[in-house]
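**Q** The file below is structure24.tsv, TSV, C-alpha atoms:
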```tsv
chain	number	residue	atom	x	y	z
A	1	MET	CA	155.88	141.19	30.33
A	2	ILE	CA	155.00	144.45	28.65
A	3	TRP	CA	152.34	145.10	31.30
A	4	GLN	CA	154.89	144.54	34.06
A	5	ARG	CA	157.25	147.04	32.44
A	6	LYS	CA	154.44	149.57	32.12
A	7	SER	CA	153.49	149.11	35.77
A	8	ALA	CA	157.08	149.52	36.84
A	9	PHE	CA	157.35	152.68	34.76
A	10	LEU	CA	154.17	154.11	36.28
A	11	VAL	CA	155.37	153.35	39.81
A	12	LYS	CA	158.69	155.05	39.03
A	13	CYS	CA	156.84	158.09	37.70
A	14	ILE	CA	154.73	158.31	40.84
A	15	LEU	CA	157.79	157.96	43.07
A	16	ALA	CA	159.59	160.65	41.08
A	17	MET	CA	156.61	163.00	41.45
A	18	ALA	CA	156.44	162.32	45.18
A	19	ALA	CA	160.18	162.97	45.54
A	20	THR	CA	159.79	166.24	43.63
A	21	ALA	CA	156.91	167.16	45.90
A	22	VAL	CA	158.94	166.52	49.04
A	23	LEU	CA	161.92	168.46	47.71
A	24	GLY	CA	159.67	171.30	46.66
A	25	ALA	CA	158.02	171.36	50.04
A	26	SER	CA	161.33	171.53	51.86
A	27	GLY	CA	162.70	174.24	49.60
A	28	PHE	CA	159.57	176.36	49.63
A	29	ALA	CA	160.12	178.07	52.96
A	30	GLN	CA	162.11	181.22	52.35
A	31	GLN	CA	163.76	183.45	54.82
A	32	PRO	CA	161.80	186.67	55.17
A	33	THR	CA	163.56	189.78	53.99
A	34	ALA	CA	162.21	193.10	55.05
A	35	ASP	CA	163.63	195.27	52.25
A	36	ALA	CA	163.05	193.15	49.16
A	37	PRO	CA	159.63	192.96	47.52
A	38	LEU	CA	157.69	190.08	49.03
A	39	LYS	CA	156.20	187.46	46.75
A	40	VAL	CA	152.53	187.06	47.59
A	41	VAL	CA	149.34	185.70	46.07
A	42	VAL	CA	146.18	187.81	46.20
A	43	VAL	CA	143.57	185.18	47.03
A	44	LYS	CA	140.71	187.64	46.69
A	45	GLY	CA	139.46	191.09	47.51
A	46	LEU	CA	142.13	193.53	46.35
A	47	ALA	CA	140.48	196.17	44.15
A	48	GLY	CA	141.44	195.86	40.50
A	49	VAL	CA	143.28	192.57	40.95
A	50	LYS	CA	141.91	189.21	39.89
A	51	ASP	CA	141.65	186.33	42.34
A	52	ASN	CA	144.73	184.17	42.84
A	53	THR	CA	147.09	186.64	41.19
A	54	LYS	CA	150.76	186.20	42.01
A	55	GLY	CA	152.78	189.33	42.42
A	56	THR	CA	155.08	191.36	44.59
A	57	LEU	CA	154.17	193.45	47.58
A	58	VAL	CA	156.11	196.52	48.63
A	59	ILE	CA	155.20	198.39	51.79
A	60	GLY	CA	156.56	201.88	52.34
A	61	ASP	CA	155.87	205.61	52.12
A	62	GLY	CA	152.48	205.13	53.70
A	63	SER	CA	151.20	202.76	51.06
A	64	MET	CA	150.98	199.10	50.20
A	65	HIS	CA	151.91	198.55	46.58
A	66	PHE	CA	151.01	195.31	44.80
A	67	ALA	CA	152.34	194.68	41.30
A	68	HIS	CA	151.89	191.87	38.81
A	69	GLU	CA	153.03	192.48	35.24
A	70	GLY	CA	150.67	195.23	34.04
A	71	VAL	CA	148.40	195.06	37.08
A	72	LYS	CA	149.20	197.49	39.87
A	73	SER	CA	147.30	198.35	43.01
A	74	ASP	CA	148.12	200.95	45.62
A	75	LEU	CA	146.49	201.11	48.99
A	76	ALA	CA	147.07	203.78	51.62
A	77	THR	CA	148.08	202.01	54.80
A	78	HIS	CA	146.13	204.44	56.99
A	79	SER	CA	142.94	203.14	55.33
A	80	ILE	CA	143.67	199.63	56.62
A	81	GLU	CA	141.50	199.02	59.68
A	82	ASP	CA	142.58	195.51	60.53
A	83	VAL	CA	145.50	193.22	59.78
A	84	VAL	CA	145.24	189.58	60.83
A	85	THR	CA	147.72	186.81	60.15
A	86	GLY	CA	146.91	183.14	59.80
A	87	ASP	CA	148.20	179.94	58.26
A	88	ASP	CA	147.08	177.55	55.59
A	89	THR	CA	148.35	174.74	53.39
A	90	GLN	CA	148.22	173.99	49.70
A	91	ARG	CA	148.99	171.04	47.45
A	92	VAL	CA	152.56	170.86	46.25
A	93	ILE	CA	151.43	169.58	42.85
A	94	ARG	CA	148.53	171.71	41.74
A	95	GLY	CA	147.20	173.42	38.63
A	96	THR	CA	146.78	171.38	35.46
A	97	VAL	CA	149.25	168.71	36.54
A	98	GLY	CA	147.47	168.45	39.87
A	99	THR	CA	144.12	167.98	38.16
A	100	LEU	CA	145.53	165.40	35.76
A	101	SER	CA	147.04	163.50	38.67
A	102	TRP	CA	143.51	162.51	39.71
A	103	PHE	CA	143.38	160.22	36.71
A	104	ALA	CA	146.65	158.49	37.56
A	105	PRO	CA	146.31	154.76	38.34
A	106	TYR	CA	146.43	153.07	41.74
A	107	GLY	CA	145.11	156.11	43.63
A	108	ALA	CA	148.28	158.05	42.89
A	109	GLY	CA	146.30	161.30	42.79
A	110	ARG	CA	145.11	160.78	46.33
A	111	PHE	CA	148.63	159.85	47.39
A	112	LEU	CA	150.04	163.04	45.91
A	113	ALA	CA	147.34	165.05	47.71
A	114	LEU	CA	149.10	164.14	50.94
A	115	PHE	CA	152.04	166.35	50.05
A	116	ARG	CA	151.27	169.89	51.03
A	117	THR	CA	153.23	173.04	51.74
A	118	LYS	CA	152.51	175.37	54.60
A	119	LEU	CA	151.56	178.94	53.87
A	120	ASP	CA	151.11	182.10	55.83
A	121	SER	CA	148.12	184.29	55.18
A	122	VAL	CA	147.40	187.94	55.84
A	123	THR	CA	143.84	189.22	55.89
A	124	ILE	CA	143.22	192.95	55.79
A	125	LYS	CA	140.13	195.12	56.01
A	126	TYR	CA	140.28	198.58	54.47
A	127	ARG	CA	138.04	201.48	53.43
A	128	ASP	CA	137.78	202.93	49.95
A	129	ALA	CA	137.36	206.62	49.11
A	130	ASP	CA	133.58	206.43	49.67
A	131	GLY	CA	133.98	204.78	53.06
A	132	GLY	CA	133.01	201.32	51.79
A	133	LEU	CA	134.54	198.42	53.67
A	134	HIS	CA	136.69	195.98	51.68
A	135	GLY	CA	138.54	192.86	52.65
A	136	ALA	CA	141.53	191.21	51.02
A	137	ILE	CA	143.34	187.93	51.61
A	138	PHE	CA	146.98	187.29	50.72
A	139	THR	CA	149.04	184.14	51.02
A	140	MET	CA	152.80	183.99	51.16
A	141	PRO	CA	155.62	181.61	52.14
A	142	VAL	CA	155.90	180.69	55.80
A	143	GLY	CA	157.40	183.34	58.02
A	144	GLN	CA	156.56	186.39	55.91
A	145	ALA	CA	153.13	187.19	57.34
A	146	ALA	CA	154.60	188.58	60.53
A	147	VAL	CA	156.98	190.77	58.52
A	148	ILE	CA	154.15	192.15	56.41
A	149	LYS	CA	152.01	192.80	59.46
A	150	GLN	CA	154.83	194.62	61.24
A	151	ASP	CA	155.52	196.72	58.17
A	152	LEU	CA	151.85	197.61	57.76
A	153	LEU	CA	151.48	198.55	61.41
A	154	ALA	CA	154.63	200.67	61.21
A	155	GLN	CA	153.10	202.53	58.26
A	156	GLY	CA	149.88	203.41	60.09
A	157	ALA	CA	147.64	200.38	59.66
A	158	LYS	CA	145.57	199.17	62.61
A	159	THR	CA	144.93	195.73	64.01
A	160	THR	CA	142.44	194.16	66.36
A	161	VAL	CA	144.83	191.37	67.32
A	162	ALA	CA	147.87	191.92	69.51
A	163	GLU	CA	151.28	191.47	67.90
A	164	ALA	CA	152.24	188.87	70.49
A	165	ASP	CA	149.82	186.42	68.95
A	166	PRO	CA	151.33	185.64	65.56
A	167	LYS	CA	148.80	183.06	64.41
A	168	SER	CA	145.93	185.19	65.34
A	169	ALA	CA	142.94	183.62	63.65
A	170	PRO	CA	140.35	183.46	66.41
A	171	ALA	CA	139.89	180.00	67.81
A	172	THR	CA	136.71	178.19	66.95
A	173	PRO	CA	134.75	176.46	69.68
A	174	GLU	CA	134.59	173.29	67.64
A	175	PRO	CA	137.76	171.28	67.06
A	176	LYS	CA	139.56	172.20	63.87
A	177	GLU	CA	140.36	169.69	61.18
A	178	LYS	CA	142.98	171.81	59.53
A	179	PRO	CA	145.28	169.84	57.23
B	180	MET	CA	84.79	148.71	16.70
B	181	ARG	CA	82.96	152.04	16.65
B	182	GLU	CA	82.33	151.79	20.38
B	183	LEU	CA	86.05	151.31	20.99
B	184	ARG	CA	86.87	154.41	18.93
B	185	THR	CA	84.29	156.43	20.81
B	186	ILE	CA	85.68	155.31	24.14
B	187	SER	CA	89.27	156.09	23.13
B	188	ARG	CA	88.25	159.56	21.84
B	189	SER	CA	86.37	160.33	25.03
B	190	MET	CA	89.39	159.15	27.03
B	191	ILE	CA	91.70	161.46	25.06
B	192	CYS	CA	89.27	164.34	25.59
B	193	LEU	CA	89.18	163.67	29.31
B	194	ALA	CA	92.96	163.53	29.50
B	195	MET	CA	93.26	166.83	27.62
B	196	MET	CA	90.73	168.46	29.93
B	197	ALA	CA	92.60	167.21	32.96
B	198	LEU	CA	95.88	168.55	31.57
B	199	SER	CA	94.44	171.96	30.76
B	200	SER	CA	92.83	172.26	34.18
B	201	ALA	CA	96.14	171.32	35.80
B	202	CYS	CA	97.86	174.04	33.78
B	203	LEU	CA	95.24	176.56	34.83
B	204	ILE	CA	95.64	175.65	38.49
B	205	ALA	CA	99.38	176.00	38.17
B	206	GLN	CA	98.97	179.43	36.59
B	207	GLU	CA	96.53	180.56	39.24
B	208	LYS	CA	98.89	179.55	42.06
B	209	PRO	CA	99.75	182.90	43.57
B	210	ASN	CA	103.42	183.88	43.39
B	211	PRO	CA	104.61	185.47	46.63
B	212	ALA	CA	104.86	189.21	46.12
B	213	LYS	CA	108.42	190.34	45.80
B	214	ILE	CA	109.70	193.17	47.92
B	215	LYS	CA	110.65	196.26	45.93
B	216	ALA	CA	114.25	197.28	46.33
B	217	SER	CA	116.58	199.40	44.27
B	218	ALA	CA	119.78	198.66	46.12
B	219	ILE	CA	121.23	196.44	48.78
B	220	GLN	CA	123.89	197.20	51.35
B	221	VAL	CA	125.95	194.30	52.65
B	222	ASP	CA	127.30	194.64	56.16
B	223	MET	CA	130.40	192.80	57.34
B	224	ILE	CA	129.64	189.31	58.60
B	225	HIS	CA	129.32	189.14	62.38
B	226	SER	CA	130.04	186.17	64.57
B	227	ASP	CA	128.75	186.89	68.05
B	228	GLU	CA	128.81	183.41	69.53
B	229	ILE	CA	130.96	181.50	67.09
B	230	LYS	CA	134.36	182.86	66.25
B	231	LEU	CA	134.96	182.78	62.53
B	232	PRO	CA	138.56	183.07	61.29
B	233	ALA	CA	139.22	186.42	59.65
B	234	GLU	CA	139.91	184.92	56.22
B	235	PHE	CA	136.50	183.22	56.19
B	236	GLN	CA	134.78	186.40	57.33
B	237	VAL	CA	136.40	188.51	54.61
B	238	SER	CA	136.01	185.84	51.95
B	239	LEU	CA	132.30	185.51	52.68
B	240	TYR	CA	131.80	189.28	52.62
B	241	GLU	CA	133.63	189.67	49.30
B	242	ASP	CA	131.91	186.66	47.72
B	243	LEU	CA	128.51	187.95	48.82
B	244	ILE	CA	129.11	191.35	47.25
B	245	ARG	CA	130.47	189.80	44.06
B	246	GLN	CA	127.55	187.37	43.68
B	247	LEU	CA	124.95	190.05	44.45
B	248	GLU	CA	126.53	192.38	41.87
B	249	LYS	CA	126.41	189.62	39.27
B	250	LYS	CA	123.12	187.89	39.90
B	251	SER	CA	120.81	189.70	42.30
B	252	GLY	CA	119.22	191.87	39.60
B	253	LEU	CA	119.35	194.91	41.87
B	254	ALA	CA	120.74	198.15	40.50
B	255	HIS	CA	123.34	198.81	43.18
B	256	VAL	CA	125.21	196.78	45.75
B	257	TYR	CA	126.82	198.87	48.45
B	258	ARG	CA	129.47	197.92	50.92
B	259	GLU	CA	129.26	198.61	54.65
B	260	GLY	CA	129.95	202.26	55.34
B	261	ASP	CA	129.53	203.44	51.75
B	262	ARG	CA	128.29	207.04	51.90
B	263	ASN	CA	126.44	206.71	48.59
B	264	ALA	CA	124.01	204.23	50.15
B	265	ALA	CA	122.42	206.99	52.24
B	266	THR	CA	120.67	208.50	49.22
B	267	ALA	CA	119.53	205.22	47.65
B	268	PRO	CA	115.73	204.78	47.62
B	269	ASN	CA	114.28	201.45	48.79
B	270	LEU	CA	117.60	200.40	50.24
B	271	VAL	CA	117.73	196.93	51.77
B	272	ILE	CA	120.40	196.23	54.38
B	273	LEU	CA	121.72	192.69	54.71
B	274	ARG	CA	123.12	191.74	58.11
B	275	SER	CA	124.52	188.26	58.60
B	276	ASN	CA	125.44	186.45	61.76
B	277	VAL	CA	127.38	183.19	61.87
B	278	THR	CA	125.43	180.45	63.64
B	279	GLY	CA	127.62	177.47	62.81
B	280	PHE	CA	131.11	176.83	61.56
B	281	LYS	CA	133.07	173.65	61.02
B	282	GLU	CA	136.46	174.02	59.39
B	283	GLY	CA	137.23	170.83	57.52
B	284	SER	CA	140.38	169.73	55.80
B	285	GLN	CA	141.12	169.87	52.10
B	286	ARG	CA	143.68	167.10	52.49
B	287	LYS	CA	141.12	164.80	54.08
B	288	ARG	CA	138.62	165.57	51.34
B	289	GLU	CA	141.12	164.81	48.60
B	290	VAL	CA	142.40	161.63	50.19
B	291	THR	CA	139.20	160.11	51.54
B	292	THR	CA	136.45	161.85	49.49
B	293	VAL	CA	133.96	161.44	52.34
B	294	ALA	CA	135.64	163.20	55.28
B	295	GLY	CA	136.83	166.75	55.88
B	296	GLU	CA	133.76	168.74	54.92
B	297	THR	CA	133.76	172.46	55.66
B	298	GLU	CA	130.44	174.00	56.62
B	299	ILE	CA	129.32	177.53	57.49
B	300	LYS	CA	125.82	178.48	58.62
B	301	ILE	CA	124.63	182.05	58.78
B	302	HIS	CA	121.43	183.80	59.76
B	303	CYS	CA	120.58	186.60	57.33
B	304	VAL	CA	118.37	189.51	58.23
B	305	PHE	CA	117.17	191.82	55.48
B	306	SER	CA	115.88	195.12	56.78
B	307	ASP	CA	115.03	198.55	55.46
B	308	LYS	CA	116.69	201.85	56.35
B	309	ASP	CA	114.52	202.26	59.44
B	310	GLY	CA	115.56	198.88	60.77
B	311	LYS	CA	112.26	197.16	60.02
B	312	THR	CA	112.90	193.50	59.26
B	313	LEU	CA	111.73	192.55	55.77
B	314	LEU	CA	112.97	188.98	55.60
B	315	GLU	CA	114.96	186.48	57.64
B	316	ALA	CA	116.64	183.32	56.37
B	317	ASP	CA	119.13	180.69	57.44
B	318	VAL	CA	121.72	179.78	54.82
B	319	THR	CA	124.33	177.02	54.74
B	320	GLY	CA	127.47	176.85	52.65
B	321	LYS	CA	129.51	173.69	52.23
B	322	VAL	CA	132.51	172.31	50.45
B	323	ARG	CA	132.36	168.54	50.30
B	324	PHE	CA	134.67	167.23	47.62
B	325	PHE	CA	136.80	169.64	45.63
B	326	GLY	CA	138.37	172.96	46.44
B	327	GLY	CA	139.85	174.73	49.41
B	328	ASN	CA	138.04	175.49	52.64
B	329	LEU	CA	137.27	179.04	51.50
B	330	ARG	CA	135.09	177.64	48.71
B	331	ALA	CA	132.37	177.20	51.33
B	332	THR	CA	131.97	180.96	51.38
B	333	TYR	CA	131.34	180.96	47.62
B	334	ASP	CA	128.63	178.33	48.06
B	335	LEU	CA	127.08	180.38	50.84
B	336	ALA	CA	127.17	183.57	48.78
B	337	LYS	CA	125.44	181.84	45.88
B	338	ALA	CA	122.67	180.54	48.16
B	339	THR	CA	122.16	183.97	49.72
B	340	THR	CA	122.02	185.62	46.30
B	341	LYS	CA	119.35	183.12	45.26
B	342	ILE	CA	117.25	184.19	48.26
B	343	VAL	CA	117.65	187.83	47.27
B	344	ARG	CA	116.69	187.10	43.66
B	345	GLU	CA	113.59	185.19	44.73
B	346	ASN	CA	112.34	187.72	47.26
B	347	PHE	CA	113.38	191.13	45.99
B	348	SER	CA	112.69	192.83	42.70
B	349	ALA	CA	114.30	195.94	41.33
B	350	SER	CA	112.02	198.93	41.76
B	351	THR	CA	111.96	201.44	38.94
```
Take the structure I supplied and represent it as structure tokens, if you would.

**A**
Amino acid sequence: MIWQRKSAFLVKCILAMAATAVLGASGFAQQPTADAPLKVVVVKGLAGVKDNTKGTLVIGDGSMHFAHEGVKSDLATHSIEDVVTGDDTQRVIRGTVGTLSWFAPYGAGRFLALFRTKLDSVTIKYRDADGGLHGAIFTMPVGQAAVIKQDLLAQGAKTTVAEADPKSAPATPEPKEKP
Amino acid sequence: MRELRTISRSMICLAMMALSSACLIAQEKPNPAKIKASAIQVDMIHSDEIKLPAEFQVSLYEDLIRQLEKKSGLAHVYREGDRNAATAPNLVILRSNVTGFKEGSQRKREVTTVAGETEIKIHCVFSDKDGKTLLEADVTGKVRFFGGNLRATYDLAKATTKIVRENFSAST
């Protein structure tokens, strides 16, 4: 009897987590706003900023300004040699809770891994003061990559991919298995 | 009884001699001479035949530089185009070309464990300033179970750094 109650409780917990995941996924997509600071995640590559740092991005006055609490990074847009947009996905439930979910019974962790949110990504290549080539990858909610790219191009950045192709990651000859 | 002791002693002696000779042989095995280098310059990853998505290209480049700075043992790691590299003595230039790419799926990996592997293969050419090839190697980076697709670039960078550590030594 007690075991049945426990099982029922666990199933309810899993269903509640799944419902949260779905709601989170649907509410994640934000409408892009050109003026307001854009919320982005620096995946890697921005000088002076740790990997996977969340922060705000402001583009204007010939520079790209990233800020996160005490961490700030400014990049002159004319030093950006290439801006490429792409897309990606990530788990809705991630971090510590996501890791702990792997130990949930009845394969609940695997089940929760099915719920993913779509992301846009922007990849830039830029030169430092010594001429050294750098690369940086940002992710942001769906729909904002195009806005960022347009803003960067308007401020003097260059791109190797035409604006007409929004999801510009070059196609691979082999079939993709993207989630 | 005495005969048994003598035999056992002689056996132990023989075993010790065999061990010591094995150690000597192992010590005498010539280590391949390492190439002297004071600095390495990493060029952006090229993909002539296979088109690599920009995020993989940049991620691999950044991971390579980071791993080489941490673990290569060389004094300086320069980026492509860095003007300071021109004056570095014994500079080694690393050029990489993508020879294989299979973008898997993190979702598939997490749900099935066995499917959705991401794999990148590159051909590395280490050359000196004059363009003379010092070393060539094929390296593969994979992500099989945990982590996003970009983790394959980290695996690849670690493998490439290991090659550098094994074949190049910092010149004084």

**Q** Taking all atoms listed in the file into account, which residues of chain B are within 6 Å of chain A, as a PDB file with C-alpha atoms, keeping the file's coordinate frame?

**A**
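Saved to result15.pdb:
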```pdb
ATOM      1  CA  LYS B 230     134.360 182.860  66.250  1.00  0.00           C
ATOM      2  CA  PRO B 232     138.560 183.070  61.290  1.00  0.00           C
ATOM      3  CA  GLU B 234     139.910 184.920  56.220  1.00  0.00           C
ATOM      4  CA  VAL B 237     136.400 188.510  54.610  1.00  0.00           C
ATOM      5  CA  ARG B 258     129.470 197.920  50.920  1.00  0.00           C
ATOM      6  CA  GLU B 259     129.260 198.610  54.650  1.00  0.00           C
ATOM      7  CA  GLY B 260     129.950 202.260  55.340  1.00  0.00           C
ATOM      8  CA  ASP B 261     129.530 203.440  51.750  1.00  0.00           C
ATOM      9  CA  ARG B 262     128.290 207.040  51.900  1.00  0.00           C
ATOM     10  CA  GLU B 282     136.460 174.020  59.390  1.00  0.00           C
ATOM     11  CA  GLY B 283     137.230 170.830  57.520  1.00  0.00           C
ATOM     12  CA  SER B 284     140.380 169.730  55.800  1.00  0.00           C
ATOM     13  CA  ARG B 286     143.680 167.100  52.490  1.00  0.00           C
ATOM     14  CA  VAL B 290     142.400 161.630  50.190  1.00  0.00           C
TER      15      VAL B 290
END
```

**Q** Would you work out the distance separating CA of Ala76 in chain A from CA of Ala265 in chain B, expressed in Å to one decimal?

**A**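 For CA of Ala76 in chain A relative to CA of Ala265 in chain B, the distance reads 24.9 Å.
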
**Q** Applying 9 Å and only C-alpha atoms, which residues near Phe324 in chain B remain after dropping the ones on its own chain fewer than 5 positions away? List them as a list in words.

**A** Gln285, Arg288, Glu289, Thr292, Val293, Ala294, Gly295 and Glu296 of chain B

**Q** Of the residues B:Ile299, B:Ile186, B:Ile214, B:Ala338, which is the one nearest to Thr312 in chain B, using only C-alpha atoms?

**A**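 Using only C-alpha atoms, the shortest distance to Thr312 in chain B belongs to B:Ile214.
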
**Q** If you measure from CA of Ser101 in chain A to CA of Pro141 in chain A, what distance in Å do you get, rounded to one decimal?

**A**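 Interatomic distance, CA of Ser101 in chain A to CA of Pro141 in chain A: 24.1 Å.
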
**Q** What is the CA of His302 in chain B to CA of Ala316 in chain B distance in Å?

**A**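 According to the coordinates, CA of His302 in chain B and CA of Ala316 in chain B are separated by 5.9 Å.
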
**Q** Could range 299-322 of chain B be completed with N, CA and C atoms and written as a PDB file, keeping the file's coordinate frame, please?

**A**
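File written: part19.pdb
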```pdb
ATOM      1  N   ILE B 299     129.605 176.246  56.810  1.00  0.00           N
ATOM      2  CA  ILE B 299     129.320 177.530  57.490  1.00  0.00           C
ATOM      3  C   ILE B 299     127.816 177.759  57.443  1.00  0.00           C
ATOM      4  N   LYS B 300     127.252 178.136  58.572  1.00  0.00           N
ATOM      5  CA  LYS B 300     125.820 178.480  58.620  1.00  0.00           C
ATOM      6  C   LYS B 300     125.692 179.927  59.072  1.00  0.00           C
ATOM      7  N   ILE B 301     124.858 180.665  58.365  1.00  0.00           N
ATOM      8  CA  ILE B 301     124.630 182.050  58.780  1.00  0.00           C
ATOM      9  C   ILE B 301     123.124 182.347  58.846  1.00  0.00           C
ATOM     10  N   HIS B 302     122.804 183.313  59.676  1.00  0.00           N
ATOM     11  CA  HIS B 302     121.430 183.800  59.760  1.00  0.00           C
ATOM     12  C   HIS B 302     121.412 185.189  59.126  1.00  0.00           C
ATOM     13  N   CYS B 303     120.644 185.319  58.066  1.00  0.00           N
ATOM     14  CA  CYS B 303     120.580 186.600  57.330  1.00  0.00           C
ATOM     15  C   CYS B 303     119.340 187.369  57.727  1.00  0.00           C
ATOM     16  N   VAL B 304     119.511 188.640  57.962  1.00  0.00           N
ATOM     17  CA  VAL B 304     118.370 189.510  58.230  1.00  0.00           C
ATOM     18  C   VAL B 304     118.387 190.645  57.207  1.00  0.00           C
ATOM     19  N   PHE B 305     117.322 190.739  56.448  1.00  0.00           N
ATOM     20  CA  PHE B 305     117.170 191.820  55.480  1.00  0.00           C
ATOM     21  C   PHE B 305     116.251 192.866  56.094  1.00  0.00           C
ATOM     22  N   SER B 306     116.710 194.073  56.174  1.00  0.00           N
ATOM     23  CA  SER B 306     115.880 195.120  56.780  1.00  0.00           C
ATOM     24  C   SER B 306     115.936 196.383  55.925  1.00  0.00           C
ATOM     25  N   ASP B 307     115.003 197.282  56.197  1.00  0.00           N
ATOM     26  CA  ASP B 307     115.030 198.550  55.460  1.00  0.00           C
ATOM     27  C   ASP B 307     115.863 199.572  56.229  1.00  0.00           C
ATOM     28  N   LYS B 308     115.864 200.808  55.738  1.00  0.00           N
ATOM     29  CA  LYS B 308     116.690 201.850  56.350  1.00  0.00           C
ATOM     30  C   LYS B 308     116.317 202.126  57.800  1.00  0.00           C
ATOM     31  N   ASP B 309     115.005 201.973  58.085  1.00  0.00           N
ATOM     32  CA  ASP B 309     114.520 202.260  59.440  1.00  0.00           C
ATOM     33  C   ASP B 309     114.762 201.102  60.408  1.00  0.00           C
ATOM     34  N   GLY B 310     115.285 200.021  59.908  1.00  0.00           N
ATOM     35  CA  GLY B 310     115.560 198.880  60.770  1.00  0.00           C
ATOM     36  C   GLY B 310     114.440 197.862  60.814  1.00  0.00           C
ATOM     37  N   LYS B 311     113.384 198.101  60.047  1.00  0.00           N
ATOM     38  CA  LYS B 311     112.260 197.160  60.020  1.00  0.00           C
ATOM     39  C   LYS B 311     112.668 195.906  59.247  1.00  0.00           C
ATOM     40  N   THR B 312     112.486 194.754  59.891  1.00  0.00           N
ATOM     41  CA  THR B 312     112.900 193.500  59.260  1.00  0.00           C
ATOM     42  C   THR B 312     111.950 193.140  58.115  1.00  0.00           C
ATOM     43  N   LEU B 313     112.529 192.912  56.940  1.00  0.00           N
ATOM     44  CA  LEU B 313     111.730 192.550  55.770  1.00  0.00           C
ATOM     45  C   LEU B 313     111.726 191.038  55.544  1.00  0.00           C
ATOM     46  N   LEU B 314     112.837 190.415  55.864  1.00  0.00           N
ATOM     47  CA  LEU B 314     112.970 188.980  55.600  1.00  0.00           C
ATOM     48  C   LEU B 314     114.097 188.417  56.456  1.00  0.00           C
ATOM     49  N   GLU B 315     113.897 187.186  56.908  1.00  0.00           N
ATOM     50  CA  GLU B 315     114.960 186.480  57.640  1.00  0.00           C
ATOM     51  C   GLU B 315     115.148 185.127  57.011  1.00  0.00           C
ATOM     52  N   ALA B 316     116.376 184.643  56.980  1.00  0.00           N
ATOM     53  CA  ALA B 316     116.640 183.320  56.370  1.00  0.00           C
ATOM     54  C   ALA B 316     117.914 182.725  56.954  1.00  0.00           C
ATOM     55  N   ASP B 317     117.921 181.407  57.035  1.00  0.00           N
ATOM     56  CA  ASP B 317     119.130 180.690  57.440  1.00  0.00           C
ATOM     57  C   ASP B 317     119.743 180.070  56.185  1.00  0.00           C
ATOM     58  N   VAL B 318     121.031 180.265  56.025  1.00  0.00           N
ATOM     59  CA  VAL B 318     121.720 179.780  54.820  1.00  0.00           C
ATOM     60  C   VAL B 318     122.928 178.947  55.233  1.00  0.00           C
ATOM     61  N   THR B 319     123.177 177.890  54.466  1.00  0.00           N
ATOM     62  CA  THR B 319     124.330 177.020  54.740  1.00  0.00           C
ATOM     63  C   THR B 319     125.208 176.937  53.500  1.00  0.00           C
ATOM     64  N   GLY B 320     126.497 177.011  53.739  1.00  0.00           N
ATOM     65  CA  GLY B 320     127.470 176.850  52.650  1.00  0.00           C
ATOM     66  C   GLY B 320     128.410 175.706  52.978  1.00  0.00           C
ATOM     67  N   LYS B 321     128.673 174.870  51.978  1.00  0.00           N
ATOM     68  CA  LYS B 321     129.510 173.690  52.230  1.00  0.00           C
ATOM     69  C   LYS B 321     130.532 173.508  51.127  1.00  0.00           C
ATOM     70  N   VAL B 322     131.617 172.859  51.467  1.00  0.00           N
ATOM     71  CA  VAL B 322     132.510 172.310  50.450  1.00  0.00           C
ATOM     72  C   VAL B 322     132.763 170.862  50.843  1.00  0.00           C
TER      73      VAL B 322
END
```
